[in-house]
Every structure is written in structure tokens, then in C-alpha cells.
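Okay, so here's the structure we're looking at.
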Amino acid sequence: MKEGKSNSGKKRISVDPNETYDLCIIGGGITGACVFWDATLRGLKVLLIEKNDYASGTSQATSKMIHGGLRYLKNAEFGLVRESLRERSILGKLTPHSIQPLGYLLPVYNLKNRIVLKIGLTMYDILGFDRNKILGSDNLIPGHSFISKERTISEDPNIPRDGLLGSFLYYDYSNINPERHTSEFIFSAKKRGGRAYNYTELISAEKISNLFQLEIKDKLTGETTKVNSKTLLNSGGPWADFIDGMLKVTDTKHLIRSKGIHIITRKLTGKHTYIVQTNDKKHMFVIPWRNLTIIGTTDTIYGDHPDKFKVNKNDIEELIKEINEYTNFSVSMEDVRSYYGGLRPLVEESGATTLNTYQASRKTEIVNHKENGVEGFFTALGGKYTTSRHLAETAVDMICEFLPGKWKKCETRITPLDSGKFSDVPSLIKDLKNK
């Protein structure tokens, strides 16, 4: 969607070079979108630019889940899991039309595994004790349960049966269309006065006196425009270190890029997601989606420039080989209807040489570049799609503290997007029928 494109030859980007923004956001993925929404609600004058389409990078490459991060319990990241579960509920309240409960099957093949999973899922339920407090009726999340071998097989006949004792069933959310979900934050902010332009690239940035002076380029027309802003937020995801480089700052945190791909195949599973554990303790998901199946994801280090990222045939063949090794689906290249992929920006201490990106933390870092001598410049690194709203709240708190004046408190916990102003879908349908 190339917003603002005009067939009359008029300028697509309407920015007065003499006006000054309170905040300019570089990057229109879920992080930038949530910051844009939060800052606009607080009364800041905000501009967001994205060099491609909104949510076209990491945000479109998810497994289409809003989840609490069950596997992070293994690393004792209780704070991250609690935050994720809380944010899962908030998104269920604010965007009830975009997400829906989805069951996950964890097959059990030995007693030790059953005990370990029981402990983990019990902790998951405890940390999400208030998961249904603010939700509408069709987005409620049940607690976990153990189901028999027979029911497990009836739910998914392709689960390997040798030694199967049964399976645990727990629930998170499916994010039906992450690209649309992300864009809704941007569109809602624009209706409240924020400005956003896709296909608009940052060409240069420098701080002169108390203002950031940016040169931006409309990739559709080739026109360039000057922009002034009091603060600058880098939410470039896998491109974040390149944006930092424009302002000549060196982070104490190191950005590692992880490559993840998914394939979309013929329908392979029932109504629940089947979680596959590999011999090297990684997990893959076989996910029902629109009468098709999503399989993924991979998680490997990526060392090239993010602009050069693409999914190749070898990536797809390796994923097919791996899923066939651990399941009875017998997936072939002919089964693949589509595929997608992206890069995850992960945070490590500077100088780290982490190669196991699957084990790397999904923690969030917001870097205040005051330490680098560039006051008013902030970079958001790492994090998860699910926790982006909270990341944005923290970032905008820091920005408002820096800016002169008194600003509103965060309202994004309780303010639904324009497209989600109803408690649940059944209530919406009922209201529409009564009109």
C-alpha cells in the first residue's frame, strides 16, 4: 500500500521544512508503529518514515502468534514471560478482531518429559493468573490440560505414535495477519494527527544545536525533503546499527541478526498447532492457518547486509527435510503453496560471539545515546512482537522525560485501536444487527 501516492503529480510527502517535530521515528514495523501510536496519544507532534511498506521486515515474518513465551521459562526468564502474558491480554482487549485463541499440542513420550512439561505449564498458568480479566468472551484463554493418547491422535493423526503417552494442550493467540495488525496502529495514530509515510528512506541525519536535521527521500518519486525534529527514535530492527552509524554512535550492545523462514503448505493438521521438538532441543510449529498450514520457523545466524536477505530454495528444502525427520507429514516441494522469511534483531553484549540464535534472549534494550554525546537520540533493540506495546510505553516515557513541557501519561493499555472498539466479535455482530 503506497500511501499518499497521487496520480496528479502532486508531492506525496507533505512536510514543511520549517516545522519541527517533537519526535521522528525511523522504521515502520511493530515497534515503530506502537511508539507512533503511544506518542501521538500523548500529544506529541510525530513523524514516522518507513523505507519499504509498513511491517514488511521482521514484523511480517513471525509465526503469526501472540504468545507468552513458554520456552523462555527454561532459561528462567520469568520477568519476560510475565510481561509477555500481560501484553498478550492487553492486545486481546485492544485488537479483539485481529487475534483469536489457538490451542497448542505438546506430545509426551516419557514420564520425565511429562513431569517437566507439567511444571512448566503450571508456572505458565500462574504467571498468567489474570489472563482473562479484561477480555471479551471469544478471546478467553483456558488453562492447560493433559489429553489422552487416543484424543491426541484424533486431534492430529500425523503425530508419531511410538511411545506416545498423550499430550498437553495449552492456549495462546493466533495473530491472523501481522502486517495488517501492525498497520492498524499506524492508521489509528494518523487519524489523531500523526504523520507517517511508507516508501520513504532516511538519507542522512545529524544533530545541529538542539535539533536533528534529517534528509528523507520519497522512493516512489525520487524527491528529497528536509525534516527537523527535537528527538529521534531508531526502530529499524535489523537495520538499526546502520541508522546508528549515520549519527556516528557506537552501541555497547551488539546486534545479531537471526534468519527465520516459514513455508505455507496444504492443510496438514487439525485445529491445534502441533509443536515438534527436535533432537537439538529446538522447536518447530505446525500451525493451522486459513485452511492451510504454516511450518516454521528456522533460527540461524545471518551475517550479510539485511538488504540482501531472501529466502532461497535451499532454505525451503532444509526446512522440509527437518519437519519430515520428526513427523509423518511427508511434506514435498509440491506441497509448498508459499513461503516467507525475515531477520530477527537480537541483542548481545558488545563483543559477544553468540552463534546459537535460538538460545539468545528476546530481551528488549532501549539505548539512550546521551552516553554517546547525542542527546535526544534513542534506539530500540531486540524484543518480541507481543511485547512491542510495552517497549513503546517505556521508550516514549524516556522521550517525554527528555522533551520540555508536561506530557500525558501512557494511554495505550486502555485505548483500543480504531478498528477494535468493541469487546468481542459476537457483541459486535449483535450490535450491528440491532442497528
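Identifiers in the C-alpha cells: chain A, B, ... in order shown; residue index from 1 per chain; ligand index from 1 in order shown.
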Closest pair table for segment 23-69 of chain A residues within 9 Å of segment 258-273 of chain A, only C-alpha atoms, as a Markdown table:
| residue | atom | partner | partner_atom | distance |
| --- | --- | --- | --- | --- |
| A:Ala61 | CA | A:Ile261 | CA | 7.3 |
| A:Thr62 | CA | A:Gly260 | CA | 8.4 |
| A:Ser63 | CA | A:His262 | CA | 7.5 |
Next on the checklist: Among segment 78-170 of chain A, which ones does DSSP assign to helix (DSSP H, G or I) (computed from the backbone)? Answer as a PyMOL selection string.
Outcome noted: chain A and resi 78-94+111-127+137-139+149-155
The selected residues should be written to file as a short mmCIF file (atom, residue, chain, number, x, y, z; two decimals), in the first residue's frame (atoms: C-alpha atoms).
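File written: result.cif
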data_model
loop_
_atom_site.label_atom_id
_atom_site.label_comp_id
_atom_site.auth_asym_id
_atom_site.auth_seq_id
_atom_site.Cartn_x
_atom_site.Cartn_y
_atom_site.Cartn_z
CA PHE A 78 10.25 -15.22 34.44
CA GLY A 79 10.04 -11.45 34.03
CA LEU A 80 9.92 -11.73 30.24
CA VAL A 81 7.23 -14.42 30.39
CA ARG A 82 5.12 -12.41 32.83
CA GLU A 83 5.45 -9.30 30.68
CA SER A 84 4.54 -11.28 27.56
CA LEU A 85 1.46 -12.84 29.17
CA ARG A 86 0.27 -9.45 30.40
CA GLU A 87 0.78 -7.90 26.97
CA ARG A 88 -0.99 -10.84 25.33
CA SER A 89 -4.10 -9.95 27.33
CA ILE A 90 -3.81 -6.25 26.52
CA LEU A 91 -3.62 -6.95 22.79
CA GLY A 92 -6.58 -9.29 23.16
CA LYS A 93 -8.52 -6.36 24.60
CA LEU A 94 -7.32 -3.64 22.22
CA LEU A 111 7.33 -39.76 32.26
CA LYS A 112 10.23 -37.36 32.83
CA ASN A 113 9.07 -35.22 29.92
CA ARG A 114 5.53 -35.23 31.29
CA ILE A 115 6.69 -34.03 34.72
CA VAL A 116 8.91 -31.28 33.28
CA LEU A 117 6.15 -30.02 30.97
CA LYS A 118 3.59 -30.14 33.78
CA ILE A 119 5.80 -27.95 35.97
CA GLY A 120 6.44 -25.51 33.11
CA LEU A 121 2.80 -25.22 32.08
CA THR A 122 1.65 -24.82 35.68
CA MET A 123 4.13 -21.96 36.07
CA TYR A 124 2.87 -20.52 32.77
CA ASP A 125 -0.70 -20.52 34.09
CA ILE A 126 0.40 -18.98 37.40
CA LEU A 127 2.32 -16.18 35.70
CA SER A 137 -15.98 -13.74 25.73
CA ASP A 138 -14.48 -15.04 22.48
CA ASN A 139 -10.86 -14.28 23.41
CA LYS A 149 -3.10 -40.70 23.54
CA GLU A 150 -6.35 -41.51 21.75
CA ARG A 151 -7.58 -37.92 21.76
CA THR A 152 -4.14 -36.67 20.73
CA ILE A 153 -4.20 -38.96 17.69
CA SER A 154 -7.75 -37.92 16.85
CA GLU A 155 -6.68 -34.27 17.03
#
Next on the checklist: What's around Asn312 of chain A at 10 Å? Count only C-alpha atoms, leave out sequence neighbours fewer than 2 positions away in its own chain, and write the answer as number ranges by chain.
Outcome noted: A: 261, 309-310, 314-317, 339, 341
Go ahead and save the picked residues with C-alpha atoms, as a tab-separated table (two decimals), in the first residue's frame.
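Heads up, here's the output in out22.tsv:
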chain	number	residue	atom	x	y	z
A	261	ILE	CA	11.72	-18.73	7.39
A	309	PHE	CA	18.09	-11.08	2.65
A	310	LYS	CA	15.97	-13.51	0.68
A	314	ASN	CA	17.94	-24.47	-0.12
A	315	ASP	CA	16.25	-22.82	2.90
A	316	ILE	CA	12.93	-24.40	1.95
A	317	GLU	CA	14.45	-27.82	1.29
A	339	TYR	CA	6.89	-19.09	1.82
A	341	GLY	CA	11.03	-15.08	5.92
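Here atom CA of Tyr199 of chain A is placed at a distance of 17.0 Å from atom CA of Pro238 of chain A.
Within the 9 Å cut-off around segment 186-188 of chain A, using only C-alpha atoms and omitting residues fewer than 5 positions from it on the same chain, the listed residues are A:Gly28, A:Gly32, A:Ala33, A:Cys34, A:Phe36, A:Trp37, A:Leu48, A:Tyr54, A:Gly194, A:Arg195, A:Ala196, A:Leu417, A:Asp418, A:Ser419.
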What would the file look like if the residues just selected were written as a compact mmCIF listing (two decimals), in the first residue's frame with C-alpha atoms?
# COMPACT_ATOMS: atom_id res chain seq x y z
CA GLY A 28 7.50 1.20 10.44
CA GLY A 32 7.83 1.91 15.40
CA ALA A 33 4.06 1.56 14.94
CA CYS A 34 3.47 1.18 18.69
CA PHE A 36 3.90 6.20 16.90
CA TRP A 37 0.54 5.30 18.45
CA LEU A 48 7.18 8.13 11.13
CA TYR A 54 4.76 -0.95 6.80
CA GLY A 194 0.41 11.80 13.44
CA ARG A 195 2.15 11.74 10.07
CA ALA A 196 3.51 8.56 8.51
CA LEU A 417 -7.36 0.96 18.07
CA ASP A 418 -9.99 2.49 15.82
CA SER A 419 -10.64 -0.93 14.31
Checklist entry - Which neighbours of Thr221 of chain A fall inside 9 Å, counting only C-alpha atoms, when residues of the same chain fewer than 3 positions from it are skipped, and could you give them as an NGL selection string? => result :A and (11-12 or 217-218 or 224)
Could the residues in this selection be written to a file with N, CA and C atoms, as a compact mmCIF listing (two decimals), in the first residue's frame?
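This is the output file selection.txt:
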# COMPACT_ATOMS: atom_id res chain seq x y z
N LYS A 11 3.09 16.29 -4.79
CA LYS A 11 4.03 15.66 -3.87
C LYS A 11 3.31 14.68 -2.96
N ARG A 12 3.92 13.52 -2.78
CA ARG A 12 3.32 12.51 -1.90
C ARG A 12 3.61 12.83 -0.44
N LYS A 217 13.98 10.66 1.58
CA LYS A 217 13.76 10.53 0.14
C LYS A 217 12.52 9.71 -0.14
N ASP A 218 11.64 10.25 -0.96
CA ASP A 218 10.48 9.51 -1.45
C ASP A 218 10.97 8.54 -2.53
N THR A 224 13.53 14.56 -2.51
CA THR A 224 14.08 14.60 -1.16
C THR A 224 13.49 15.78 -0.40
Item to check | Who sits within 8 Å of Thr412 of chain A, only C-alpha atoms, same chain under 4 positions skipped, as a VMD selection string | outcome: chain A and resid 37 to 38 41 389 393 416
Write a file of the selected residues as a CSV table (one decimal), in the first residue's frame, keeping N, CA and C atoms.
chain,number,residue,atom,x,y,z
A,37,TRP,N,1.9,5.3,17.8
A,37,TRP,CA,0.5,5.3,18.5
A,37,TRP,C,0.6,5.9,19.8
A,38,ASP,N,1.6,5.5,20.7
A,38,ASP,CA,1.7,5.9,22.0
A,38,ASP,C,2.0,7.4,22.1
A,41,LEU,N,-0.9,9.7,21.0
A,41,LEU,CA,-1.9,9.8,22.0
A,41,LEU,C,-1.5,10.7,23.2
A,389,ARG,N,4.1,-3.2,22.5
A,389,ARG,CA,3.3,-2.1,23.1
A,389,ARG,C,4.0,-1.6,24.4
A,393,GLU,N,5.8,2.0,25.3
A,393,GLU,CA,5.5,2.8,26.5
A,393,GLU,C,6.8,3.3,27.2
A,416,PRO,N,-8.4,1.3,22.8
A,416,PRO,CA,-8.4,0.4,21.6
A,416,PRO,C,-8.1,1.1,20.3
Checklist entry - Can you tell me how far atom CA of Ser14 of chain A sits from atom CA of Ile30 of chain A, in Å to one decimal? => result 23.6 Å
Checklist entry - Counting only C-alpha atoms, which of A:Met65, A:Val311, A:Leu233, A:Val347 gets nearest to Leu255 of chain A? => result A:Val347
Checklist entry - Nearest to Glu401 of chain A among A:Gly376, A:Gly245, A:Ser174, A:Thr225, with distances taken over only C-alpha atoms: which residue is it? => result A:Gly376
